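This is start15.txt. It holds compact mmCIF, C-alpha atoms (C1' of nucleotides).
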```txt
# COMPACT_ATOMS: atom_id res chain seq x y z
CA MET A 466 125.54 92.86 74.16
CA SER A 467 124.43 92.67 77.77
CA ALA A 468 122.38 89.57 78.45
CA GLU A 469 120.15 91.48 80.78
CA LEU A 470 119.12 94.09 78.24
CA PHE A 471 118.82 91.37 75.67
CA LEU A 472 116.41 89.39 77.82
CA LYS A 473 114.54 92.40 79.15
CA ALA A 474 113.72 93.24 75.58
CA VAL A 475 111.80 90.01 75.12
CA ALA A 476 110.42 89.74 78.62
CA ASP A 477 107.33 91.79 77.87
CA SER A 478 104.02 90.54 76.65
CA THR A 479 103.55 93.25 74.07
CA ARG A 480 106.98 92.72 72.57
CA LEU A 481 106.46 88.97 72.53
CA LYS A 482 103.31 89.53 70.52
CA ILE A 483 105.18 91.81 68.16
CA LEU A 484 107.90 89.26 67.58
CA SER A 485 105.28 86.61 67.11
CA SER A 486 103.55 88.74 64.56
CA LEU A 487 106.76 89.54 62.71
CA MET A 488 107.48 85.83 62.40
CA GLU A 489 104.72 85.80 59.81
CA LYS A 490 106.07 88.56 57.65
CA PRO A 491 107.55 92.06 57.79
CA LYS A 492 105.02 94.71 58.72
CA PHE A 493 104.83 98.43 59.20
CA VAL A 494 104.11 100.18 62.45
CA GLU A 495 100.45 100.95 62.06
CA GLU A 496 99.78 97.43 60.88
CA ILE A 497 101.23 96.05 64.08
CA ALA A 498 99.47 98.60 66.25
CA MET A 499 96.11 97.71 64.72
CA GLU A 500 96.75 94.00 65.02
CA LEU A 501 97.60 94.22 68.71
CA ASN A 502 95.07 96.92 69.59
CA ILE A 503 97.67 99.37 70.83
CA THR A 504 98.46 102.93 69.82
CA VAL A 505 101.01 103.63 67.13
CA SER A 506 103.30 105.38 69.58
CA THR A 507 103.33 102.36 71.84
CA ALA A 508 104.12 100.08 68.94
CA SER A 509 106.90 102.38 67.82
CA PHE A 510 108.28 102.47 71.34
CA HIS A 511 108.48 98.71 71.57
CA LEU A 512 109.85 98.27 68.07
CA LYS A 513 112.63 100.62 68.93
CA LYS A 514 113.51 98.56 71.98
CA LEU A 515 113.54 95.40 69.95
CA GLN A 516 115.69 97.07 67.34
CA ALA A 517 118.15 98.34 69.94
CA VAL A 518 119.13 94.79 70.84
CA GLY A 519 119.01 93.51 67.30
CA PHE A 520 115.85 91.42 67.28
CA VAL A 521 114.30 93.40 64.46
CA VAL A 522 115.57 95.57 61.66
CA SER A 523 113.75 98.35 59.88
CA LYS A 524 113.87 99.98 56.52
CA LYS A 525 111.87 102.67 54.92
CA GLU A 526 109.75 101.67 51.95
CA GLN A 527 108.05 104.65 50.35
CA TYR A 528 105.49 105.74 52.88
CA TYR A 529 106.07 103.02 55.36
CA GLN A 530 108.69 102.07 57.91
CA THR A 531 108.66 98.30 57.68
CA TYR A 532 110.06 96.21 60.48
CA SER A 533 111.20 92.66 60.04
CA LEU A 534 112.58 89.96 62.25
CA ASN A 535 116.32 89.44 62.41
CA PRO A 536 116.14 85.70 61.75
CA HIS A 537 119.14 84.42 63.70
CA SER A 538 118.75 86.65 66.70
CA LEU A 539 116.39 84.29 68.50
CA ASP A 540 118.27 81.05 68.03
CA ARG A 541 120.37 80.99 71.17
CA SER A 542 119.28 79.03 74.20
CA LEU A 543 119.01 80.63 77.60
CA LYS A 544 121.88 78.51 78.78
CA ASP A 545 124.17 79.86 76.08
CA ILE A 546 123.15 83.40 76.85
CA ILE A 547 123.87 82.96 80.54
CA LYS A 548 127.20 81.27 79.94
CA GLU A 549 128.28 83.99 77.58
CA ASN A 550 127.23 86.60 80.10
CA ARG A 551 129.22 84.88 82.78
CA GLU A 552 132.38 84.93 80.70
CA ILE A 553 131.94 88.60 79.99
CA HIS A 554 131.50 89.42 83.65
CA LYS A 555 134.34 87.22 84.76
CA ASN A 556 136.73 88.86 82.35
CA ALA A 557 135.54 92.31 83.35
CA PHE A 558 136.03 91.45 87.01
CA ASN A 559 139.51 90.06 86.40
CA LYS A 560 140.58 93.14 84.52
CA GLU A 561 139.23 95.37 87.24
CA VAL A 562 141.10 93.49 89.94
CA LEU A 563 144.37 93.46 88.01
CA ASP A 564 144.10 97.15 87.24
CA GLU A 565 143.46 97.83 90.88
CA CYS A 566 146.19 95.61 92.34
CA PHE A 567 149.04 95.95 89.88
CA MET A 568 151.01 99.01 88.88
CA ASP A 569 153.75 98.77 86.26
CA GLY A 570 153.83 95.00 86.66
CA LYS A 571 154.30 95.22 90.44
CA LEU A 572 151.74 93.94 92.94
CA LEU A 573 150.76 96.77 95.26
CA ALA A 574 149.08 94.63 97.91
CA LEU A 575 147.52 91.20 98.11
CA PRO A 576 143.75 91.74 98.39
CA VAL A 577 141.95 90.14 101.31
CA GLN A 578 138.78 89.22 99.45
CA ILE A 579 139.10 85.61 98.31
CA LYS A 580 137.73 86.14 94.82
CA LYS A 581 140.16 88.99 94.20
CA ARG A 582 143.03 87.12 95.75
CA GLU A 583 142.47 84.20 93.40
CA VAL A 584 142.69 86.49 90.40
CA VAL A 585 145.96 87.96 91.63
CA LEU A 586 147.49 84.58 92.39
CA GLY A 587 146.41 83.34 88.98
CA GLU A 588 148.14 86.29 87.40
CA ILE A 589 151.37 85.57 89.25
CA ALA A 590 151.07 81.88 88.38
CA LYS A 591 151.37 82.84 84.73
CA LYS A 592 155.07 83.40 85.34
CA PHE A 593 155.57 79.69 85.95
CA LYS A 594 155.58 76.73 83.60
CA LYS A 595 152.94 74.16 84.33
CA ASN A 596 154.19 70.83 85.75
CA ARG A 597 157.78 72.07 86.02
CA ILE A 598 159.47 71.64 89.39
CA TYR A 599 161.12 74.72 90.88
CA SER A 600 163.37 75.05 93.89
CA ASP A 601 162.15 77.29 96.68
CA LYS A 602 164.79 79.82 95.77
CA GLU A 603 163.65 79.97 92.16
CA VAL A 604 160.08 80.48 93.28
CA HIS A 605 161.14 83.27 95.61
CA LEU A 606 163.03 85.06 92.90
CA ILE A 607 160.19 84.89 90.42
CA ILE A 608 157.66 86.17 92.95
CA ALA A 609 159.99 88.80 94.33
CA ASP A 610 160.02 90.28 90.86
CA VAL A 611 156.47 91.49 91.44
CA PHE A 612 156.09 91.60 95.23
CA ASP A 613 158.47 91.81 98.17
CA GLU A 614 156.74 89.44 100.55
CA PHE A 615 157.40 86.39 98.42
CA ILE A 616 156.91 83.93 101.29
CA LEU A 617 153.33 85.07 101.77
CA ILE A 618 152.58 84.64 98.10
CA LYS A 619 154.27 81.24 97.97
CA ASN A 620 152.16 80.02 100.87
CA GLU A 621 148.97 81.33 99.31
CA MET A 622 149.84 79.63 96.04
CA LEU A 623 150.28 76.38 97.91
CA LYS A 624 146.98 76.94 99.73
CA TYR A 625 145.02 77.66 96.56
CA GLY A 626 146.50 74.76 94.64
CA TYR A 627 148.78 76.59 92.25
CA LEU A 628 151.82 74.85 93.70
CA GLU A 629 152.36 71.60 95.54
CA ARG A 630 155.38 70.60 97.57
CA VAL A 631 157.28 67.59 96.30
CA GLU A 632 160.44 66.02 97.70
CA ASN A 633 162.81 67.97 95.47
CA GLY A 634 161.03 71.34 95.43
CA LEU A 635 157.73 72.86 94.31
CA ARG A 636 155.66 71.66 91.38
CA VAL A 637 153.36 73.95 89.39
CA LEU A 638 149.84 72.55 89.20
CA LYS A 639 148.10 75.27 87.18
CA THR A 640 149.08 78.55 85.68
CA LEU A 641 145.72 80.24 85.13
CA SER A 642 142.89 81.04 87.50
CA LYS A 643 140.13 78.70 86.32
CA LYS A 644 136.67 78.37 87.72
CA SER A 645 135.58 74.84 88.52
CA GLU A 646 134.07 72.75 85.71
CA MET B 118 103.83 78.45 81.75
CA SER B 119 103.54 81.99 80.51
CA ALA B 120 106.49 82.94 78.35
CA GLU B 121 106.47 86.44 79.77
CA LEU B 122 106.86 85.34 83.39
CA PHE B 123 109.38 82.78 82.28
CA LEU B 124 111.53 85.39 80.58
CA LYS B 125 111.01 88.07 83.20
CA ALA B 126 112.50 85.63 85.68
CA VAL B 127 115.81 85.57 83.83
CA ALA B 128 115.79 89.17 82.64
CA ASP B 129 117.48 90.52 85.73
CA SER B 130 121.17 90.89 86.36
CA THR B 131 121.05 89.52 89.89
CA ARG B 132 119.12 86.45 88.87
CA LEU B 133 121.46 85.87 85.96
CA LYS B 134 124.34 85.90 88.37
CA ILE B 135 122.54 83.47 90.64
CA LEU B 136 121.90 81.06 87.78
CA SER B 137 125.49 81.43 86.71
CA SER B 138 126.64 80.63 90.19
CA LEU B 139 124.35 77.62 90.52
CA MET B 140 125.80 76.22 87.31
CA GLU B 141 128.88 75.44 89.38
CA LYS B 142 127.15 73.54 92.11
CA PRO B 143 124.12 73.64 94.43
CA LYS B 144 124.40 76.25 97.15
CA PHE B 145 122.47 77.54 100.10
CA VAL B 146 121.02 80.99 100.43
CA GLU B 147 123.63 82.66 102.55
CA GLU B 148 126.39 81.26 100.37
CA ILE B 149 124.88 82.94 97.33
CA ALA B 150 124.22 86.18 99.17
CA MET B 151 127.81 86.39 100.25
CA GLU B 152 129.14 85.55 96.82
CA LEU B 153 127.09 88.26 95.12
CA ASN B 154 127.37 90.82 97.90
CA ILE B 155 123.65 91.08 98.46
CA THR B 156 121.43 90.66 101.49
CA VAL B 157 120.16 87.23 102.39
CA SER B 158 116.60 88.45 102.01
CA THR B 159 117.34 89.68 98.52
CA ALA B 160 118.88 86.36 97.60
CA SER B 161 115.91 84.52 99.00
CA PHE B 162 113.56 86.78 97.08
CA HIS B 163 115.26 86.05 93.77
CA LEU B 164 115.62 82.35 94.40
CA LYS B 165 111.92 82.13 95.02
CA LYS B 166 111.24 83.84 91.72
CA LEU B 167 113.52 81.46 89.91
CA GLN B 168 111.89 78.55 91.63
CA ALA B 169 108.40 79.73 90.73
CA VAL B 170 109.14 79.26 87.04
CA GLY B 171 111.12 76.09 87.50
CA PHE B 172 114.67 77.26 86.90
CA VAL B 173 115.84 76.08 90.28
CA VAL B 174 114.68 73.55 92.82
CA SER B 175 115.28 73.56 96.54
CA LYS B 176 115.44 71.05 99.28
CA LYS B 177 116.13 71.29 102.93
CA GLU B 178 119.27 69.68 104.15
CA GLN B 179 119.39 69.82 107.94
CA TYR B 180 120.37 73.39 108.63
CA TYR B 181 120.40 74.67 105.12
CA GLN B 182 117.97 75.27 102.29
CA THR B 183 120.04 74.32 99.28
CA TYR B 184 119.07 75.52 95.84
CA SER B 185 120.17 73.81 92.66
CA LEU B 186 119.72 74.39 88.99
CA ASN B 187 117.00 72.51 87.15
CA PRO B 188 119.28 71.26 84.39
CA HIS B 189 116.87 71.11 81.45
CA SER B 190 115.05 74.31 82.17
CA LEU B 191 117.49 76.51 80.28
CA ASP B 192 117.80 74.50 77.09
CA ARG B 193 115.07 76.11 75.01
CA SER B 194 115.86 78.84 72.52
CA LEU B 195 114.04 82.14 72.53
CA LYS B 196 112.45 81.22 69.24
CA ASP B 197 110.94 78.07 70.68
CA ILE B 198 109.63 79.95 73.68
CA ILE B 199 108.00 82.56 71.50
CA LYS B 200 106.47 80.04 69.15
CA GLU B 201 105.05 78.06 72.00
CA ASN B 202 103.63 81.22 73.47
CA ARG B 203 102.04 82.13 70.17
CA GLU B 204 100.29 78.79 69.92
CA ILE B 205 98.93 79.14 73.42
CA HIS B 206 97.57 82.60 72.72
CA LYS B 207 96.17 81.65 69.35
CA ASN B 208 94.29 78.72 70.78
CA ALA B 209 92.99 80.80 73.64
CA PHE B 210 91.78 83.45 71.21
CA ASN B 211 90.11 80.89 68.97
CA LYS B 212 88.30 79.31 71.86
CA GLU B 213 87.13 82.68 73.07
CA VAL B 214 85.76 83.62 69.68
CA LEU B 215 84.01 80.32 69.16
CA ASP B 216 82.46 80.43 72.62
CA GLU B 217 81.27 83.93 71.90
CA CYS B 218 79.88 83.35 68.40
CA PHE B 219 78.41 79.87 68.56
CA MET B 220 75.61 78.54 70.69
CA ASP B 221 74.62 74.89 70.53
CA GLY B 222 76.45 74.53 67.24
CA LYS B 223 74.64 77.47 65.66
CA LEU B 224 76.35 80.65 64.57
CA LEU B 225 74.72 83.60 66.33
CA ALA B 226 76.22 86.34 64.14
CA LEU B 227 79.20 86.71 61.86
CA PRO B 228 81.68 88.99 63.67
CA VAL B 229 82.84 92.08 61.84
CA GLN B 230 86.42 92.01 63.11
CA ILE B 231 88.55 90.26 60.52
CA LYS B 232 90.55 88.15 62.93
CA LYS B 233 87.39 86.87 64.59
CA ARG B 234 85.68 86.36 61.27
CA GLU B 235 88.52 84.16 60.08
CA VAL B 236 88.19 81.96 63.11
CA VAL B 237 84.46 81.54 62.52
CA LEU B 238 84.88 80.79 58.82
CA GLY B 239 87.60 78.29 59.64
CA GLU B 240 85.25 76.58 62.03
CA ILE B 241 82.54 76.33 59.40
CA ALA B 242 85.09 75.12 56.87
CA LYS B 243 85.65 72.08 59.03
CA LYS B 244 82.31 70.75 57.77
CA PHE B 245 83.76 70.37 54.27
CA LYS B 246 86.20 67.88 52.81
CA LYS B 247 89.36 69.43 51.44
CA ASN B 248 89.73 69.40 47.65
CA ARG B 249 86.24 67.97 47.11
CA ILE B 250 83.98 69.82 44.70
CA TYR B 251 80.54 70.73 45.97
CA SER B 252 77.54 72.12 44.10
CA ASP B 253 76.23 75.49 45.26
CA LYS B 254 73.19 73.79 46.67
CA GLU B 255 75.26 71.38 48.74
CA VAL B 256 77.27 74.28 50.10
CA HIS B 257 74.11 76.16 51.00
CA LEU B 258 72.69 73.21 52.85
CA ILE B 259 75.82 72.60 54.85
CA ILE B 260 76.12 76.24 55.86
CA ALA B 261 72.40 76.63 56.53
CA ASP B 262 72.83 73.98 59.17
CA VAL B 263 74.65 76.52 61.33
CA PHE B 264 73.52 79.90 60.00
CA ASP B 265 70.54 81.17 57.99
CA GLU B 266 72.31 83.65 55.73
CA PHE B 267 74.23 81.00 53.86
CA ILE B 268 74.91 83.21 50.84
CA LEU B 269 76.83 85.69 53.01
CA ILE B 270 78.94 82.91 54.47
CA LYS B 271 79.57 81.35 51.08
CA ASN B 272 80.80 84.67 49.71
CA GLU B 273 83.06 85.25 52.66
CA MET B 274 84.49 81.77 52.31
CA LEU B 275 85.29 82.55 48.68
CA LYS B 276 86.82 85.87 49.69
CA TYR B 277 89.04 84.39 52.38
CA GLY B 278 90.19 81.51 50.21
CA TYR B 279 88.32 78.65 51.80
CA LEU B 280 86.44 77.98 48.55
CA GLU B 281 87.14 78.67 44.91
CA ARG B 282 84.69 78.62 42.07
CA VAL B 283 85.37 76.03 39.36
CA GLU B 284 83.30 75.27 36.25
CA ASN B 285 81.27 72.51 37.86
CA GLY B 286 80.79 73.99 41.34
CA LEU B 287 82.87 75.05 44.34
CA ARG B 288 86.13 73.49 45.39
CA VAL B 289 87.31 73.42 49.00
CA LEU B 290 90.82 74.82 49.34
CA LYS B 291 91.34 74.52 53.06
CA THR B 292 89.37 73.28 55.99
CA LEU B 293 91.12 74.81 58.98
CA SER B 294 91.99 78.37 59.82
CA LYS B 295 95.75 78.38 59.47
CA LYS B 296 98.08 81.26 59.93
CA SER B 297 100.50 81.78 57.06
CA GLU B 298 103.68 79.69 56.93
C1' DA C 426 104.29 125.45 48.76
C1' DT C 427 100.64 123.22 51.45
C1' DC C 428 98.21 119.16 52.95
C1' DT C 429 97.94 114.48 54.31
C1' DT C 430 99.59 110.52 56.37
C1' DG C 431 102.81 107.57 58.73
C1' DA C 432 106.29 107.48 62.39
C1' DT C 433 108.99 109.23 66.20
C1' DT C 434 109.83 111.87 70.28
C1' DT C 435 108.38 114.05 74.35
C1' DT C 436 105.93 114.40 78.45
C1' DA C 437 103.29 112.90 82.22
C1' DT C 438 101.36 109.27 84.86
C1' DA C 439 100.65 104.96 86.89
C1' DA C 440 102.19 100.47 87.83
C1' DC C 441 105.87 97.48 88.67
C1' DC C 442 110.29 95.78 90.49
C1' DG C 443 114.63 95.33 93.16
C1' DT C 444 116.63 96.29 97.36
C1' DC C 445 117.25 96.48 102.20
C1' DG C 446 116.22 96.16 107.25
C1' DA C 447 113.28 94.43 110.63
C1' DA C 448 110.17 91.15 112.24
C1' DT C 449 108.83 86.36 111.91
C1' DT C 450 109.13 81.47 111.20
C1' DA C 451 111.43 77.09 111.22
C1' DT C 452 114.91 74.09 112.63
C1' DT C 453 119.00 72.60 115.23
C1' DT C 454 121.99 72.76 119.09
C1' DT C 455 122.67 73.32 123.91
C1' DA D 374 112.78 74.60 127.19
C1' DA D 375 115.90 78.14 125.65
C1' DA D 376 119.29 79.90 122.58
C1' DA D 377 121.24 80.07 118.13
C1' DT D 378 121.16 79.94 113.27
C1' DA D 379 119.20 79.87 108.58
C1' DA D 380 115.55 81.38 105.77
C1' DT D 381 111.34 83.73 104.63
C1' DT D 382 108.09 87.39 104.75
C1' DC D 383 106.70 92.17 105.28
C1' DG D 384 106.92 97.16 104.77
C1' DA D 385 108.93 100.90 102.63
C1' DC D 386 111.89 103.50 99.62
C1' DG D 387 113.77 104.51 95.10
C1' DG D 388 114.32 103.61 90.51
C1' DT D 389 112.63 101.73 86.20
C1' DT D 390 109.24 100.85 82.66
C1' DA D 391 104.93 100.67 79.95
C1' DT D 392 101.51 103.44 78.24
C1' DA D 393 98.87 107.05 75.90
C1' DA D 394 98.22 111.83 74.44
C1' DA D 395 100.22 115.62 72.28
C1' DA D 396 103.81 117.74 69.73
C1' DT D 397 107.08 117.13 66.23
C1' DC D 398 109.17 115.24 62.18
C1' DA D 399 109.45 113.18 57.45
C1' DA D 400 107.97 112.33 53.09
C1' DG D 401 104.54 111.86 49.30
C1' DA D 402 100.52 113.83 47.17
C1' DT D 403 97.78 117.72 45.63
```

Let's see the structure in the file written out as C-alpha cells.
Amino acid sequence: MSAELFLKAVADSTRLKILSSLMEKPKFVEEIAMELNITVSTASFHLKKLQAVGFVVSKKEQYYQTYSLNPHSLDRSLKDIIKENREIHKNAFNKEVLDECFMDGKLLALPVQIKKREVVLGEIAKKFKKNRIYSDKEVHLIIADVFDEFILIKNEMLKYGYLERVENGLRVLKTLSKKSE
Amino acid sequence: MSAELFLKAVADSTRLKILSSLMEKPKFVEEIAMELNITVSTASFHLKKLQAVGFVVSKKEQYYQTYSLNPHSLDRSLKDIIKENREIHKNAFNKEVLDECFMDGKLLALPVQIKKREVVLGEIAKKFKKNRIYSDKEVHLIIADVFDEFILIKNEMLKYGYLERVENGLRVLKTLSKKSE
DNA sequence: ATCTTGATTTTATAACCGTCGAATTATTTT
DNA sequence: AAAATAATTCGACGGTTATAAAATCAAGAT
C-alpha cells in the first residue's frame, strides 16, 4: 500500500471526523451523514476512500450498509510508515536500475548518475566474498565476466568503498549497496 | 496543532521523500533538490510546509540553510493523532454550546438538537452528586436554580440516563456528559 | 409487481495544491 | 561596494480533490 495514498486518506477533516465517529461504534451511512451534517453522497464518497486503503470495512445488514473501523489499521506511527515507504521505493529504484543497465547478466554501460552507479557497483560486489582478499587478477576476471572495462569498475569499487587496497591484494569491504545508518 | 494540517503535511510523495532523506542526516536545500530531482524553489516550498507543522527545523550555517528532522515529531500513531483531534473538537463544541445556551449561569432555552441537548444536560448534571439519591423536590430545586421548567429537564435527564427512578426518589447515574467507551 | 428507502455512481463546479521559472532577498566572497 | 551564491517568494499553469445534486441501483415492504 502506497504511504501517500494511505496518508491522503486520513488527511482530510471530514474523514478524520468519520474515523473519530466510527471509533465509538459501527454505523451506517445516513447515520454518519446526519451526525456530521453532510449529505449522504458525501459520506459515501469518503467512506469509500477510507475503505480503499483499509481503514474501514463494510457489510450489509438488512437495509443498512454498516461501516466499522478496521481496528489495527491505525496503529502504525508516522515514522514506521515513512520507513516502510522508503524501503519500497528503494527496492523499486534498484530493480529499475538493474533492469536498465544489465542484459543477460552483462553490464551494458556504467551509468553516470551517482545513485544509479552505486546500485550497479553493489550488484557487481555481490560476486565477491566479504572480507576475503583477492589478487588484482582475480578481481579483473570476476568483473570481466560482466563488463569488459574491468579496470574502470575496479577503480570505482575502490572509490565507493567496496574494495580497499592492502599489501597483498584487494580486500572486500562490503558486498551489498547499503544506505548509511 | 490541527490534525488535518499535520497529516496533510506528510500526505505528499515529495514531502515523504524529503523526510526519508532527512532521516539520514541534516541537509541544505539545494542538496535535497538535487537528490530528488526537483527545483530548489519546490524543495524550499515543501520544507517550509514541513517546518510549519514541526516535522523539521532549520538553522542557518554560514552559506547554507540546513534542515534537519525533528526526531520526536514522527513518533505518534495515527490513532493517537485522531483521538487527540477528537478531544479538541469535542471540547470546542461543548464550549460553543454552553456559551450559546447559558447566560450568567442560567439556561436560556433547552436546545432541540440532540447533541447540543446532551451537552446542556451534562452541564446541569454537574450540580448533582453521583450515586446519591435525591427526592423529587430536591431535584426540582436544583434544576430551578438554572431553568424554570424543571419538570422538562428532569424528564430529559431520566431519558438520557443521567437519573433513574428508584423507590425512594431519584438516583444520579452520571454527572458528566461522556461519550461512550 | 410496485413502492419506499438506503446507498452508490455520475456529473459538474469550485477550491485547493504541487510545480516551475522568474524576480527578490539575504549573506558571503572578492 | 560589487559580484556571487543560496534561499525564499511570487505568479501562473495544470492537475487533483471535495462537494452537492441528480440519476441510478439494490433490497425490503406493501

Checklist entry - For chain C, which residues have at least one atom within 10 Å of chain A, if we go by only C-alpha atoms (C1' of nucleotides)? Write them as a PyMOL selection string, please. => result chain C and resi 430-434

Next on the checklist: Using all atoms listed in the file and a distance of at most 10 Å, pull out the residues of chain D that contact chain B, as a list in words.
Outcome noted: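 Only these qualify: DT378, DA379, DA380, DT381 and DT382 of chain D.
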
Next on the checklist: What's the separation between C1' of DA394 in chain D and C1' of DA437 in chain C, in Å to one decimal place?
Outcome noted: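 Straight-line distance from C1' of DA394 in chain D to C1' of DA437 in chain C works out to 9.3 Å.
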
Contacts of chain B with chain A up to 12 Å, shortest pair per row, all atoms listed in the file, as a Markdown table:
```
| residue | atom | partner | partner_atom | distance |
| --- | --- | --- | --- | --- |
| B:Ser119 | CA | A:Ser478 | CA | 9.4 |
| B:Ala120 | CA | A:Ala476 | CA | 7.9 |
| B:Glu121 | CA | A:Ala476 | CA | 5.3 |
| B:Leu122 | CA | A:Ala476 | CA | 7.4 |
| B:Phe123 | CA | A:Ala476 | CA | 7.9 |
| B:Leu124 | CA | A:Ala476 | CA | 4.9 |
| B:Lys125 | CA | A:Ala476 | CA | 4.9 |
| B:Ala126 | CA | A:Ala476 | CA | 8.4 |
| B:Val127 | CA | A:Leu472 | CA | 7.1 |
| B:Ala128 | CA | A:Leu472 | CA | 4.9 |
| B:Asp129 | CA | A:Glu469 | CA | 5.7 |
| B:Ser130 | CA | A:Glu469 | CA | 5.7 |
| B:Thr131 | CA | A:Glu469 | CA | 9.4 |
| B:Arg132 | CA | A:Glu469 | CA | 9.6 |
| B:Leu133 | CA | A:Ile547 | CA | 6.6 |
| B:Lys134 | CA | A:Arg551 | CA | 7.5 |
| B:Ile135 | CA | A:Ile547 | CA | 10.2 |
| B:Leu136 | CA | A:Ile547 | CA | 7.7 |
| B:Ser137 | CA | A:Arg551 | CA | 6.4 |
| B:Ser138 | CA | A:Arg551 | CA | 8.9 |
| B:Leu139 | CA | A:Ile547 | CA | 11.3 |
| B:Met140 | CA | A:Lys548 | CA | 9.0 |
| B:Glu141 | CA | A:Ser645 | CA | 6.8 |
| B:Lys142 | CA | A:Ser645 | CA | 9.3 |
| B:Met151 | CA | A:Lys580 | CA | 11.3 |
| B:Glu152 | CA | A:Lys580 | CA | 8.8 |
| B:Leu153 | CA | A:Lys580 | CA | 10.9 |
| B:Asn154 | CA | A:Gln578 | CA | 11.6 |
| B:Phe172 | CA | A:Leu543 | CA | 10.8 |
| B:Leu186 | CA | A:Lys544 | CA | 11.2 |
| B:Asn187 | CA | A:Lys544 | CA | 11.4 |
| B:Pro188 | CA | A:Lys544 | CA | 9.5 |
| B:His189 | CA | A:Lys544 | CA | 9.3 |
| B:Ser190 | CA | A:Lys544 | CA | 8.7 |
| B:Leu191 | CA | A:Lys544 | CA | 5.1 |
| B:Asp192 | CA | A:Ser542 | CA | 5.6 |
| B:Arg193 | CA | A:Ser542 | CA | 5.2 |
| B:Ser194 | CA | A:Ser542 | CA | 3.8 |
| B:Leu195 | CA | A:Leu539 | CA | 5.1 |
| B:Lys196 | CA | A:Leu539 | CA | 5.0 |
| B:Asp197 | CA | A:Asp540 | CA | 8.3 |
| B:Ile198 | CA | A:Leu539 | CA | 9.6 |
| B:Ile199 | CA | A:Ser485 | CA | 6.6 |
| B:Lys200 | CA | A:Ser485 | CA | 7.0 |
| B:Glu201 | CA | A:Ser485 | CA | 9.9 |
| B:Asn202 | CA | A:Leu481 | CA | 8.3 |
| B:Arg203 | CA | A:Ser485 | CA | 6.3 |
| B:Glu204 | CA | A:Ser485 | CA | 9.7 |
| B:Ile205 | CA | A:Lys482 | CA | 11.6 |
| B:His206 | CA | A:Lys482 | CA | 9.3 |
| B:Lys207 | CA | A:Ser485 | CA | 10.6 |
| B:Gln230 | CA | A:Glu500 | CA | 10.7 |
| B:Ile231 | CA | A:Glu500 | CA | 10.1 |
| B:Lys232 | CA | A:Glu500 | CA | 8.8 |
| B:Lys233 | CA | A:Glu500 | CA | 11.8 |
| B:Lys295 | CA | A:Glu489 | CA | 11.6 |
| B:Lys296 | CA | A:Glu489 | CA | 8.0 |
| B:Ser297 | CA | A:Glu489 | CA | 6.4 |
| B:Glu298 | CA | A:Glu489 | CA | 6.8 |
```

Next on the checklist: Applying 10 Å and all atoms listed in the file, which residues near DT392 in chain D remain after dropping the ones on its own chain fewer than 4 positions away? List them as a PyMOL selection string.
Outcome noted: (chain A and resi 503-504+506-507+510) or (chain C and resi 438-439)

Next on the checklist: Could you tell me how far C1' of DA451 in chain C sits from CA of Val173 in chain B, in Å to one decimal place?
Outcome noted: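 The value is 21.4 Å.
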
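Our summary of the geometry notes that CA of Phe210 in chain B is positioned 19.0 Å from CA of Lys223 in chain B.
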
Checklist entry - Taking (163.7, 73.7, 91.7) in the file's coordinates as the center, which residues reach within 12 Å of it, counting all atoms listed in the file, put as a list in words? => result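 Residues found, by chain and rising number: Phe593, Lys594, Asn596, Arg597, Ile598, Tyr599, Ser600, Asp601, Lys602, Glu603, Val604, His605, Leu606, Ile607, Arg630, Val631, Glu632, Asn633, Gly634, Leu635, Arg636 and Val637 of chain A.
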
Take the selection from the previous step and output its residues with C-alpha atoms, as a compact mmCIF listing (two decimals), keeping the file's coordinate frame.
```
# COMPACT_ATOMS: atom_id res chain seq x y z
CA PHE A 593 155.57 79.69 85.95
CA LYS A 594 155.58 76.73 83.60
CA ASN A 596 154.19 70.83 85.75
CA ARG A 597 157.78 72.07 86.02
CA ILE A 598 159.47 71.64 89.39
CA TYR A 599 161.12 74.72 90.88
CA SER A 600 163.37 75.05 93.89
CA ASP A 601 162.15 77.29 96.68
CA LYS A 602 164.79 79.82 95.77
CA GLU A 603 163.65 79.97 92.16
CA VAL A 604 160.08 80.48 93.28
CA HIS A 605 161.14 83.27 95.61
CA LEU A 606 163.03 85.06 92.90
CA ILE A 607 160.19 84.89 90.42
CA ARG A 630 155.38 70.60 97.57
CA VAL A 631 157.28 67.59 96.30
CA GLU A 632 160.44 66.02 97.70
CA ASN A 633 162.81 67.97 95.47
CA GLY A 634 161.03 71.34 95.43
CA LEU A 635 157.73 72.86 94.31
CA ARG A 636 155.66 71.66 91.38
CA VAL A 637 153.36 73.95 89.39
```

Checklist entry - What's the 7 Å shell around Lys591 in chain A, counting only C-alpha atoms (C1' of nucleotides), without same-chain residues fewer than 2 positions away, as number ranges by chain? => result A: 587-589, 593, 640-641

Next on the checklist: List the spatial neighbours of Val174 in chain B as an MDAnalysis selection string - criterion: any atom at most 6 Å away, all atoms listed in the file, same-chain residues fewer than 3 positions off excluded.
Outcome noted: chainID B and resid 168 184:185
